[in-house]
Each structure stands twice: as C-alpha cells, then as structure tokens.
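S.K.: Encoded as structure tokens, here's the structure I'll be asking about.
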Amino acid sequence: MAEVIKMPRLSDTMEEGTVASWLKKKGDKVEEGDILAEIETDKATMEFESFYEGTLLHIGIQEGETAKVDALLAIIGDEGEDISGLLDGSADSGSDDEKSEDTDDDADAEEKEEDSDDSSEDSDDDAAEDSGSSSEVPEGVEVVTMPRLSDTMEEGTVASWLKKEGDKIEEGDILAEIETDKATMEFESFYKGTLLHIGIQEGETAKVDSLLAIIGPEGTDVSGVIDGAKSGGSKKQAAKKEEAPKKEEKSAKAEPKKEEPKQKEEPKKQESKPASTNTSSSDGRIFASPLAKKLAEEKGIDLAKVSGSGENGRVVRKDIENYTPAASGGGVQQFVATGEESYEDVNNSQMRKAIAKSLGKSKFTAPHYYLNVEFDMENMIAFRSQYNQLPDTKVSFNDMIIKAVAIALKQHPQVNSQWFDDKMRLNHHVHIGVAVAVPDGLVVPVVEFANEKSLQQINAEVKELAGKARNKKLKPEEMQGSTFTISNLGMFGITNFTSIINQPNSAILSVGAIIEKPVVKNGQIVVGNTMTLSMACDHRTIDGATGAQFLQTLKTYIENPVLMLA
C-alpha cells in the first residue's frame, strides 16, 4: 500500500520548508533509513530520511520549491502501483466541498431532502468546531510543542526544566534540556512572556508535537488550551482521516498536536517516574544538569546540599566531583532480607530504545562472521614511547589503531563499504566511528577523513568527541556518516570480544587489551606483548578472503607503526 510522505516539521518554529535537493529520483528503490532529500527550514538545511521502503512513485515538491508543513512531499509504494486516487485527492476534495455547499443551500431553501439536511448539519458542526478551535488560544499566548531535534526523533524525554511555571521568559532563554534518541540538547524559547504551563514534567516522555509548555502574558487563563490538549479532537481526528489530502493540509497544524498528549497522559499517571535526584528545597526546585543528577545518584549525594557553580546556581558535574560531604552518613543501600527477592524497574531511555532497534536490526539482517588475529605490539609500544617525547604530545594506542585502520581501509575499499538492497557503495573517503560508552548506553561519534589526519589531530578530536558524548552534548551530525567502526575494551582488561556491526557499515573492529605473555621468536620462547583483534564482517559485502587481506595490511602498520608517518 502506498505511503504518503508530507513536508515534515523539522524545527519548533518551522511553518514551511524548501526542498534544497532530492537524493532520490522518481522510480528509485527506497529503503527505510535512506536519505530522500535535503530540506531547508527556517534554521538550517537538514537531511530527511524515509521511514518506509518501496519505490519512489511521485515527487510532490520539486527542488527549489517551497511548501507548507504537511504538504504532499512524496509517495512511496510498490512498483507500478496506481496512485491516481492519491494524486487526485486535492481536486476531489475541492469538488466535494462545492457539492456540500450547494447541498447546504438547497437544504436552507427547501428542507425537504434528508441527505441535504445531513450535509447542512455536518457543515454547521464543522463550522462550530472551527470556531471553538480558533477561540481556544487567547491573544498573545504561544503554545510550545515537543520539538523534533534530530531527523530520526519520534519522541523526546524532558531531562530537566531550567524554568518553572510563573518565571519570566525572554526570547533565547533555555527552557529545558530534552533527551532525544541521540543526545541531550538544550531547547531555547522563541517567544517572550511568562511560563504559564508546563505540559511534560521532568522524566516524562512524549511524542514530537505534544504540548510541552505555554507562554503568554502573566495571568492569562489557558485552561481551555490545556483541556483541549488533554481531551480535544478525537472526533475531529476521525473525520479528518476520511477527508481528502487538501483538507488535511489546512488543519494538520491545529489538531494532531493536541491529540498525542492524550495518548500519553493516562499511562504517565500510573507509571512511576524513573528514580531522579532532582530534589526540591523549601524555596523551590534545584537546578542540575542531567549528568550531575546521575553522578549524584551513583554517589548517594543529596543535591540539596551541593552548591552549584553553573549559570543561576545550577549544579554541574564538577560540583558533584568536588563535593565533600559533611560529617554524616553517606548514601545507604536499601536493606534486603536474606532470601527475599527484590528488583527495580528502570524505564528505557531514548538512547536505549535506539540501541535496541538499530543493533537488533543489524544482528538479524546482516549475516555476521568473525575474523580473529593476534598482533605483536613490541614495536608499537616502543614507537608510542618515543613519539610521546615530543613537546605537548600524548597519543594513545587507540589513536594509533585508528590511524592504522584508516590507512589500511584506503587500500581495501570493499571493507570500507555499505550495503543496500540494490547496490553496494564503495567509499573512497574514510570516516572512522569510535564507540564510546556513556551512562545510558553507547554512542558512536565520527572522526572524519581519519587517514588524512596526524596522530595528534586524531588524539585531540577523539578526546573532544568522547567528552561531548559523556556530557550528552554531541550534535547529530557528529554521529553520522561513519564508513567503519572501532570498539575498544582493552582499557577494561578485556583480551578479546566480538561486536555487532554498526549499520550501514560493513564491518566493525573489536580491539582487546595488550597482554604480556610467552611468545616464540627465532625459535626461542621469550616474553612478548600481543593484542587480539576481532573483525565482524557483513558477508553480503565482505568475503572471507577480502577481510583477511585487509587484516594483513593492518598488521603491517600495527607491527611497523613508523610506516604510518610515511
């Protein structure tokens, strides 16, 4: 069945968008996750990906054209599928409206035909609903909805509010920190006034376009807007689904936004919120960053006793790390009697949901196989020791492995590839994804053009990206575009392990610890240092011999690191 793709709302203030370029053309095969087009919003040009698979049957907005949010952008369906009904929908809708108006006139004049009476009543009801809808939002009041902060974001969690109800808001003020499927990002206000209502509390999750907050003149009654968000529109939504696309385009902005919170509200009242250290003092809540909250929870620190050094007294990570508790008992673990079962339910974060979805898809769609090798690390250890004697230089083994892998990939484009149902993409650039563990799971920031960068540049970039990852400050574009991934657990003493391929990459390299053990050299047993690497390959793109040849090239650079400087 054909799927209608509408112009997406890619920012909170976006009302219309311009198609900067199409990356697919009519007739092309489209996979879920493929980038369809680049769309220019009021803030930036963003990639828009497909959530469906099939054939691109129709393009509704050509390159350079501008259209309102929810306008027909494209249609995806089965090859050869008849979509004339969808394309003629607007015209049909217009003629239906004219017929309805004529019927209403006849009903007013004669009041004899039952069908005409029904049409008139429906028309009156619609007018009354529209009138009620338009009067719901008082003058000067702005409804703020859950923004779409990344191209794949479908729902968001409010990590923390930096403003509370009744606070004065200036344009540009940070309202809240919102956790998406990729990072926690600050969300600023585009309006000026008083924060009259908070629709999504800290720790709660809601769909994109759900009621987030209401801003307006102090003292304004917004109960009608709130009630509309909680209970409004189910009847209108059912009617709209039966109307033609043109009718939907006119009303899409008003109604769908107010229905989604209703779906979320009931479960939220019943579910217990995740354990949070967002304590409140006698004069109100305490401001703290999400990372500070997690650290405080892990260390059993009461945030109310921590003096914040951030903006407006906000508690940040360094405040927790530098906190010295007064003479009192620390965090006390809950007592559990011997033989008594005990457990705790923890709500899945947006990141955890994204990890489950992407890695589950990879494991069960890509035929994985694994190649294991052991490298002699004596020369690399000596090289690193000498290299770090340079002024202001301190590179890690991981930095050197990234560089070696990047150089080797340039010689083996088949390993530096991506798989699509109708083609294989051999990348001639090398972007290395570096897996970084964070409290909520795992993120993969990307070192672009790693083969062209020096060891010092790789070291500085990896440190910066890892720091952003742990503070949830990575931007979506810093986690996109990798052509190969490296996961290193050597610092935890893990000697060997296997990883799941980070699609659409074709391979991932698992790096173990350097261990000292007996080895045979020149026919004698001596003490040596070795490291085990395991590469998971997608057999659709990388055959066994191809993967083995890549590892042989990598061995050359790992065991003779001076060649990386050539």
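Each chain in the structure tokens gets a letter, A, B and so on, in the order shown; residues start at 1 in every chain, and ligands are counted from 1 in the order they appear.
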Enumerate the residues of range 413-549 of chain A with a DSSP assignment of alpha helix (DSSP H), computed from the backbone, and present them as a PyMOL selection string.
M.R.: chain A and resi 455-470+544-549
S.K.: As a compact mmCIF listing (two decimals) with all heavy atoms, in the first residue's frame, please: every residue in range 524-565 of chain A that a backbone DSSP assignment puts in strand (DSSP E or B).
M.R.:
# COMPACT_ATOMS: atom_id res chain seq x y z
N GLN A 524 62.91 -19.35 19.92
CA GLN A 524 63.08 -19.33 21.37
C GLN A 524 61.84 -18.72 22.03
O GLN A 524 61.18 -17.85 21.45
CB GLN A 524 64.31 -18.52 21.76
CG GLN A 524 65.63 -19.12 21.30
CD GLN A 524 66.82 -18.33 21.80
OE1 GLN A 524 66.67 -17.21 22.27
NE2 GLN A 524 68.01 -18.92 21.69
N ILE A 525 61.54 -19.19 23.23
CA ILE A 525 60.42 -18.66 24.00
C ILE A 525 60.90 -17.44 24.78
O ILE A 525 61.82 -17.52 25.59
CB ILE A 525 59.85 -19.72 24.96
CG1 ILE A 525 59.29 -20.91 24.17
CG2 ILE A 525 58.74 -19.11 25.81
CD1 ILE A 525 58.78 -22.03 25.04
N VAL A 526 60.27 -16.30 24.51
CA VAL A 526 60.63 -15.05 25.19
C VAL A 526 59.35 -14.37 25.64
O VAL A 526 58.24 -14.75 25.27
CB VAL A 526 61.42 -14.12 24.26
CG1 VAL A 526 62.74 -14.75 23.83
CG2 VAL A 526 60.59 -13.76 23.03
N VAL A 527 59.52 -13.36 26.49
CA VAL A 527 58.37 -12.57 26.95
C VAL A 527 58.02 -11.55 25.87
O VAL A 527 58.88 -10.81 25.39
CB VAL A 527 58.68 -11.85 28.27
CG1 VAL A 527 57.50 -10.97 28.69
CG2 VAL A 527 58.97 -12.87 29.36
N GLY A 528 56.76 -11.53 25.48
CA GLY A 528 56.33 -10.59 24.45
C GLY A 528 55.02 -9.90 24.83
O GLY A 528 54.37 -10.23 25.83
N ASN A 529 54.63 -8.91 24.03
CA ASN A 529 53.36 -8.19 24.22
C ASN A 529 52.51 -8.35 22.96
O ASN A 529 52.97 -8.03 21.85
CB ASN A 529 53.63 -6.70 24.48
CG ASN A 529 54.22 -6.45 25.85
OD1 ASN A 529 53.52 -6.40 26.85
ND2 ASN A 529 55.55 -6.31 25.90
N THR A 530 51.32 -8.85 23.13
CA THR A 530 50.45 -9.10 21.99
C THR A 530 49.08 -8.46 22.22
O THR A 530 48.69 -8.15 23.35
CB THR A 530 50.26 -10.60 21.74
OG1 THR A 530 49.57 -11.17 22.86
CG2 THR A 530 51.60 -11.29 21.54
N MET A 531 48.36 -8.28 21.13
CA MET A 531 46.99 -7.74 21.20
C MET A 531 46.12 -8.52 20.22
O MET A 531 46.52 -8.79 19.09
CB MET A 531 46.98 -6.25 20.83
CG MET A 531 45.60 -5.62 20.83
SD MET A 531 45.68 -3.84 20.48
CE MET A 531 46.21 -3.89 18.76
N THR A 532 44.93 -8.90 20.66
CA THR A 532 43.99 -9.65 19.83
C THR A 532 42.93 -8.71 19.27
O THR A 532 42.35 -7.91 20.02
CB THR A 532 43.32 -10.78 20.63
OG1 THR A 532 44.33 -11.68 21.11
CG2 THR A 532 42.34 -11.55 19.77
N LEU A 533 42.68 -8.81 17.98
CA LEU A 533 41.63 -8.04 17.33
C LEU A 533 40.66 -9.00 16.67
O LEU A 533 41.05 -10.05 16.13
CB LEU A 533 42.20 -7.09 16.27
CG LEU A 533 43.03 -5.90 16.78
CD1 LEU A 533 44.48 -6.29 16.97
CD2 LEU A 533 42.94 -4.74 15.79
N SER A 534 39.39 -8.65 16.71
CA SER A 534 38.36 -9.45 16.05
C SER A 534 37.53 -8.53 15.16
O SER A 534 37.05 -7.49 15.62
CB SER A 534 37.46 -10.12 17.10
OG SER A 534 36.40 -10.82 16.48
N MET A 535 37.39 -8.89 13.90
CA MET A 535 36.61 -8.08 12.98
C MET A 535 35.33 -8.80 12.59
O MET A 535 35.37 -9.92 12.06
CB MET A 535 37.41 -7.73 11.73
CG MET A 535 36.68 -6.75 10.82
SD MET A 535 37.71 -6.02 9.52
CE MET A 535 37.90 -7.41 8.42
N ALA A 536 34.20 -8.17 12.89
CA ALA A 536 32.90 -8.70 12.45
C ALA A 536 32.62 -8.15 11.06
O ALA A 536 32.70 -6.93 10.83
CB ALA A 536 31.80 -8.27 13.42
N CYS A 537 32.30 -9.03 10.13
CA CYS A 537 32.08 -8.63 8.73
C CYS A 537 30.68 -9.01 8.28
O CYS A 537 30.11 -10.01 8.72
CB CYS A 537 33.09 -9.32 7.81
SG CYS A 537 34.82 -9.04 8.24
N ASP A 538 30.13 -8.19 7.39
CA ASP A 538 28.85 -8.49 6.74
C ASP A 538 29.18 -9.28 5.47
O ASP A 538 29.80 -8.75 4.55
CB ASP A 538 28.15 -7.17 6.40
CG ASP A 538 26.76 -7.39 5.82
OD1 ASP A 538 26.47 -8.50 5.34
OD2 ASP A 538 25.95 -6.42 5.83
S.K.: Counting only C-alpha atoms, figure out which residue out of A:Gly77, A:Pro147, A:Pro8, A:Gly17 gets nearest to Glu49 in chain A.
M.R.: A:Pro8
S.K.: Do a neighbour search on Ala37 in chain A at 8 Å with only C-alpha atoms, toss out local chain neighbours closer than 3 positions, and write the hits as a compact mmCIF listing (two decimals) with all heavy atoms, in the first residue's frame.
M.R.:
# COMPACT_ATOMS: atom_id res chain seq x y z
N VAL A 19 12.66 22.39 -0.57
CA VAL A 19 13.45 21.22 -0.95
C VAL A 19 14.73 21.71 -1.61
O VAL A 19 14.71 22.21 -2.74
CB VAL A 19 12.67 20.29 -1.90
CG1 VAL A 19 13.57 19.13 -2.35
CG2 VAL A 19 11.42 19.76 -1.22
N ALA A 20 15.84 21.60 -0.88
CA ALA A 20 17.13 22.04 -1.41
C ALA A 20 17.62 21.10 -2.51
O ALA A 20 18.12 21.53 -3.54
CB ALA A 20 18.17 22.14 -0.29
N SER A 21 17.46 19.78 -2.27
CA SER A 21 17.86 18.81 -3.29
C SER A 21 17.21 17.46 -3.00
O SER A 21 16.95 17.12 -1.83
CB SER A 21 19.38 18.65 -3.32
OG SER A 21 19.86 18.09 -2.10
N TRP A 22 16.92 16.72 -4.04
CA TRP A 22 16.43 15.35 -3.91
C TRP A 22 17.62 14.40 -4.10
O TRP A 22 18.37 14.53 -5.07
CB TRP A 22 15.37 15.05 -4.97
CG TRP A 22 14.01 15.56 -4.61
CD1 TRP A 22 13.41 16.71 -5.04
CD2 TRP A 22 13.08 14.92 -3.75
NE1 TRP A 22 12.17 16.85 -4.49
CE2 TRP A 22 11.94 15.76 -3.69
CE3 TRP A 22 13.08 13.74 -3.01
CZ2 TRP A 22 10.82 15.44 -2.92
CZ3 TRP A 22 11.97 13.42 -2.25
CH2 TRP A 22 10.85 14.27 -2.20
N LEU A 23 17.77 13.46 -3.17
CA LEU A 23 18.83 12.45 -3.28
C LEU A 23 18.31 11.17 -3.91
O LEU A 23 19.08 10.25 -4.17
CB LEU A 23 19.44 12.17 -1.90
CG LEU A 23 19.97 13.41 -1.16
CD1 LEU A 23 20.66 13.00 0.12
CD2 LEU A 23 20.93 14.20 -2.03
N LYS A 24 17.01 11.11 -4.10
CA LYS A 24 16.38 10.00 -4.83
C LYS A 24 15.54 10.61 -5.95
O LYS A 24 15.05 11.74 -5.82
CB LYS A 24 15.48 9.17 -3.91
CG LYS A 24 16.20 8.48 -2.76
CD LYS A 24 17.00 7.29 -3.24
CE LYS A 24 17.63 6.54 -2.08
NZ LYS A 24 18.40 5.37 -2.51
N GLU A 47 18.95 16.81 6.46
CA GLU A 47 18.63 15.61 5.68
C GLU A 47 17.33 15.01 6.19
O GLU A 47 17.09 14.95 7.40
CB GLU A 47 19.76 14.59 5.79
CG GLU A 47 21.05 15.03 5.13
CD GLU A 47 22.16 14.00 5.26
OE1 GLU A 47 22.07 13.19 6.21
OE2 GLU A 47 23.09 13.99 4.45
N PHE A 48 16.47 14.57 5.27
CA PHE A 48 15.20 13.95 5.65
C PHE A 48 15.20 12.51 5.17
O PHE A 48 15.34 12.24 3.98
CB PHE A 48 14.03 14.73 5.03
CG PHE A 48 12.69 14.11 5.31
CD1 PHE A 48 12.22 13.98 6.61
CD2 PHE A 48 11.90 13.64 4.27
CE1 PHE A 48 10.99 13.40 6.86
CE2 PHE A 48 10.66 13.06 4.52
CZ PHE A 48 10.21 12.94 5.82
N GLU A 49 15.07 11.59 6.10
CA GLU A 49 15.16 10.18 5.75
C GLU A 49 13.79 9.53 5.64
O GLU A 49 12.81 10.01 6.20
CB GLU A 49 16.02 9.41 6.76
CG GLU A 49 15.42 9.26 8.12
CD GLU A 49 16.31 8.44 9.04
OE1 GLU A 49 17.51 8.72 9.12
OE2 GLU A 49 15.79 7.51 9.68
S.K.: Quick one: distance from CA of Glu79 in chain A to CA of Ile35 in chain A in Å, one decimal?
M.R.: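 That distance, rounded to one decimal, is 19.0 Å.
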S.K.: Would you please work out which residue, of A:Lys473, A:Arg384, A:Lys410, A:Lys521, is nearest to Asn398 in chain A when using only C-alpha atoms?
M.R.: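 Of the candidates, the smallest distance to Asn398 in chain A is held by A:Arg384.
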S.K.: Taking only C-alpha atoms into account, name the residue in A:His429, A:Lys26, A:Lys361, A:Lys555 that is nearest to Val373 in chain A.
M.R.: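 Closest residue, counting only C-alpha atoms: A:Lys555.
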